[in-house]
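> Right, I'll just put the structure down here and ask away after.
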Amino acid sequence: MEKIDAHLHLVRDLASYKGIGRSNALGNGEVIWDDGFKTRLFPAGWGADSFRMDQALQVLAQNDVSKAVLLQGSLYGFQNYYSWQAAKKHPDRFIAAFSVDPFADGAMKIVDRHVRDLGFRTMKLEISQGGGLMGYHEEFRLDADPRWEEIFEYIARYPGFVVAIDYGDAGQKSHQPEAIAHLAQRYPQLDFVVCHLSFPKPGKLAELASELRLLSRFDNIACDLAALQDIAQETNYPYPFC
């Protein structure tokens, strides 16, 4: 059976930004944020302060993974152009998504360049409060904000366009499964991917079941399974909760 990694991040140069500020590389895959929080962003051996396409190809080969979808996130800083370069150089191994901050003055110019000029057909929305847009912008509804509506109306002109959404866990104001359902109904020509299986937590499986029942009503919504063991804080294989 062919293995495809649906959620991979390339990082040419760290440009992280989220609610606790910017990250500063410490080497050995570790960073320190502006508020003093230290964490590891790259597994040992994957890169001291980056994770580039050649390293990614090695990891894919070592794990018998044939292809990967390159997503973006504030945790690393948007790597739009580098992901495009990787997909251009290895079209049989990578497909790239781009991200945009809708609060930027030039947001629609950015969208137009990536879709019309560079040919992207996948967009990643990193809106989570913990690690994305809603951690450093005012609260918004994904299905009721005019900035997002302008973007959705634009990409809806490209049937089959894929939108991947990381909206954080149920404790975050960014957690909006109902908004994804509304968008899927409003834009049947778009395909939506809810990242991280809607962020399931131990003891919260009833809530997960309710959300999945809602999302499964729509043929144009799917989920990826990325980082479930990290979300559940499981450290030992075979990760029984996951």
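Residues in the structure tokens are named by chain (A, B, ... in the order shown) and by number from 1 within that chain; ligands are numbered from 1 in the order shown.
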Mind running region 102-150 of chain A against region 62-86 of chain A at 12 Å and telling me each contacting residue's nearest atom pair with the distance in Å (one decimal), counting only C-alpha atoms, chain and number ascending, as a Markdown table?

| residue | atom | partner | partner_atom | distance |
| --- | --- | --- | --- | --- |
| A:Ile110 | CA | A:Asn80 | CA | 10.5 |
| A:Val111 | CA | A:Asn80 | CA | 11.1 |
| A:Arg113 | CA | A:Tyr81 | CA | 11.0 |
| A:His114 | CA | A:Asn80 | CA | 8.5 |
| A:Val115 | CA | A:Trp84 | CA | 11.4 |
| A:Asp117 | CA | A:Trp84 | CA | 11.5 |
| A:Leu118 | CA | A:Trp84 | CA | 7.8 |
| A:Gly119 | CA | A:Trp84 | CA | 9.1 |
| A:Phe120 | CA | A:Trp84 | CA | 8.1 |
| A:Arg121 | CA | A:Trp84 | CA | 11.2 |
| A:Thr122 | CA | A:Leu71 | CA | 8.8 |
| A:Met123 | CA | A:Leu71 | CA | 8.0 |
| A:Lys124 | CA | A:Gln72 | CA | 6.1 |
| A:Leu125 | CA | A:Gly73 | CA | 8.0 |
| A:Glu126 | CA | A:Gly73 | CA | 5.6 |
| A:Ile127 | CA | A:Gly73 | CA | 9.0 |
| A:Ser128 | CA | A:Ser74 | CA | 9.5 |
| A:Gln129 | CA | A:Ser74 | CA | 10.7 |
| A:Gly130 | CA | A:Leu75 | CA | 9.5 |
| A:Gly131 | CA | A:Leu75 | CA | 5.9 |
| A:Gly132 | CA | A:Ser74 | CA | 5.3 |
| A:Leu133 | CA | A:Ser74 | CA | 7.5 |
| A:Met134 | CA | A:Ser74 | CA | 10.6 |
| A:Gly135 | CA | A:Ser74 | CA | 9.8 |
| A:Tyr136 | CA | A:Ser74 | CA | 10.2 |
> With C-alpha atoms retained, could you export that selection as an mmCIF file, in the first residue's frame?

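The result, written out as result.cif:
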data_model
loop_
_atom_site.group_PDB
_atom_site.id
_atom_site.type_symbol
_atom_site.label_atom_id
_atom_site.label_comp_id
_atom_site.auth_asym_id
_atom_site.auth_seq_id
_atom_site.Cartn_x
_atom_site.Cartn_y
_atom_site.Cartn_z
ATOM 1 C CA ILE A 110 -0.510 37.520 -2.130
ATOM 2 C CA VAL A 111 -3.363 35.097 -2.874
ATOM 3 C CA ARG A 113 0.289 35.659 -6.960
ATOM 4 C CA HIS A 114 0.293 32.196 -5.448
ATOM 5 C CA VAL A 115 -2.787 30.927 -7.255
ATOM 6 C CA ASP A 117 1.154 33.115 -11.077
ATOM 7 C CA LEU A 118 2.700 30.209 -9.142
ATOM 8 C CA GLY A 119 -0.116 27.735 -9.738
ATOM 9 C CA PHE A 120 -0.940 26.695 -6.162
ATOM 10 C CA ARG A 121 -4.173 24.736 -5.799
ATOM 11 C CA THR A 122 -3.936 24.130 -2.054
ATOM 12 C CA MET A 123 -4.116 26.676 0.777
ATOM 13 C CA LYS A 124 -3.378 26.089 4.464
ATOM 14 C CA LEU A 125 -5.308 28.089 7.063
ATOM 15 C CA GLU A 126 -3.356 28.058 10.329
ATOM 16 C CA ILE A 127 -5.958 29.842 12.433
ATOM 17 C CA SER A 128 -5.391 28.109 15.793
ATOM 18 C CA GLN A 129 -5.146 30.240 18.904
ATOM 19 C CA GLY A 130 -2.296 28.157 20.272
ATOM 20 C CA GLY A 131 -0.026 28.356 17.254
ATOM 21 C CA GLY A 132 -1.644 30.409 14.498
ATOM 22 C CA LEU A 133 -3.481 33.544 13.414
ATOM 23 C CA MET A 134 -5.933 33.776 16.291
ATOM 24 C CA GLY A 135 -3.064 33.836 18.763
ATOM 25 C CA TYR A 136 -1.905 37.216 17.467
#
> Determine, for each residue of region 92-151 of chain A having at least one atom at most 12 Å from an atom of region 44-55 of chain A, the closest pair of atoms and their separation in Å to one decimal, counting only C-alpha atoms; order by chain and ascending number, as CSV.

residue,atom,partner,partner_atom,distance
A:Arg93,CA,A:Met53,CA,10.2
A:Phe94,CA,A:Met53,CA,9.4
A:Ala96,CA,A:Met53,CA,11.9
> Would you mind exporting C-alpha atoms of the selected residues as a short mmCIF file (atom, residue, chain, number, x, y, z; two decimals), in the first residue's frame?

data_model
loop_
_atom_site.label_atom_id
_atom_site.label_comp_id
_atom_site.auth_asym_id
_atom_site.auth_seq_id
_atom_site.Cartn_x
_atom_site.Cartn_y
_atom_site.Cartn_z
CA ARG A 93 7.26 13.65 -4.34
CA PHE A 94 5.77 16.94 -3.13
CA ALA A 96 2.70 22.43 -1.86
#
> For the helix (DSSP H, G or I) assignment from backbone DSSP, which residues of region 2-239 of chain A qualify? Please present them as a ChimeraX atom specification.
/A:53-62,80-89,107-117,133-135,146-155,177-186,195-198,205-215,228-231
> Please identify which residues in region 74-209 of chain A DSSP calls strand (DSSP E) from the backbone, and express them as a list in words.
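So the strand (DSSP E) residues in region 74-209 of chain A would be Phe94, Ile95, Ala96, Thr122, Met123, Lys124, Leu125, Glu126, Val162, Val163, Ala164, Ile165, Asp166, Asp191, Phe192, Val193 and Val194 of chain A.
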> Could you turn the residues from that selection into a file that holds C-alpha atoms, as a CSV table (one decimal), in the first residue's frame?

chain,number,residue,atom,x,y,z
A,94,PHE,CA,5.8,16.9,-3.1
A,95,ILE,CA,2.6,19.0,-3.6
A,96,ALA,CA,2.7,22.4,-1.9
A,122,THR,CA,-3.9,24.1,-2.1
A,123,MET,CA,-4.1,26.7,0.8
A,124,LYS,CA,-3.4,26.1,4.5
A,125,LEU,CA,-5.3,28.1,7.1
A,126,GLU,CA,-3.4,28.1,10.3
A,162,VAL,CA,-8.1,22.2,-1.5
A,163,VAL,CA,-8.3,24.2,1.8
A,164,ALA,CA,-6.5,22.6,4.8
A,165,ILE,CA,-7.5,24.1,8.2
A,166,ASP,CA,-5.8,23.8,11.6
A,191,ASP,CA,-12.4,20.4,-0.9
A,192,PHE,CA,-11.7,21.0,2.8
A,193,VAL,CA,-9.3,19.1,5.1
A,194,VAL,CA,-9.6,19.4,8.8
> Kindly indicate which residue among A:Lys89, A:Lys109, A:Arg116, A:Lys201 lies nearest to Ile231 (chain A), using only C-alpha atoms for the distances.
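Residue with the minimum atom-to-atom distance to Ile231 (chain A): A:Lys201.
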> Have a look at CA of Gln176 (chain A) and CA of Met108 (chain A) and let me know their distance in Å, one decimal.
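Rounded to one decimal, the two atoms are 23.3 Å apart.
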> From the set A:Cys242, A:Cys195, A:Ala184, A:Leu60, which residue has the shortest atom-to-atom contact distance to Asp224 (chain A), counting only C-alpha atoms?
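Comparing A:Cys242, A:Cys195, A:Ala184, A:Leu60 against Asp224 (chain A), the winner is A:Cys195.
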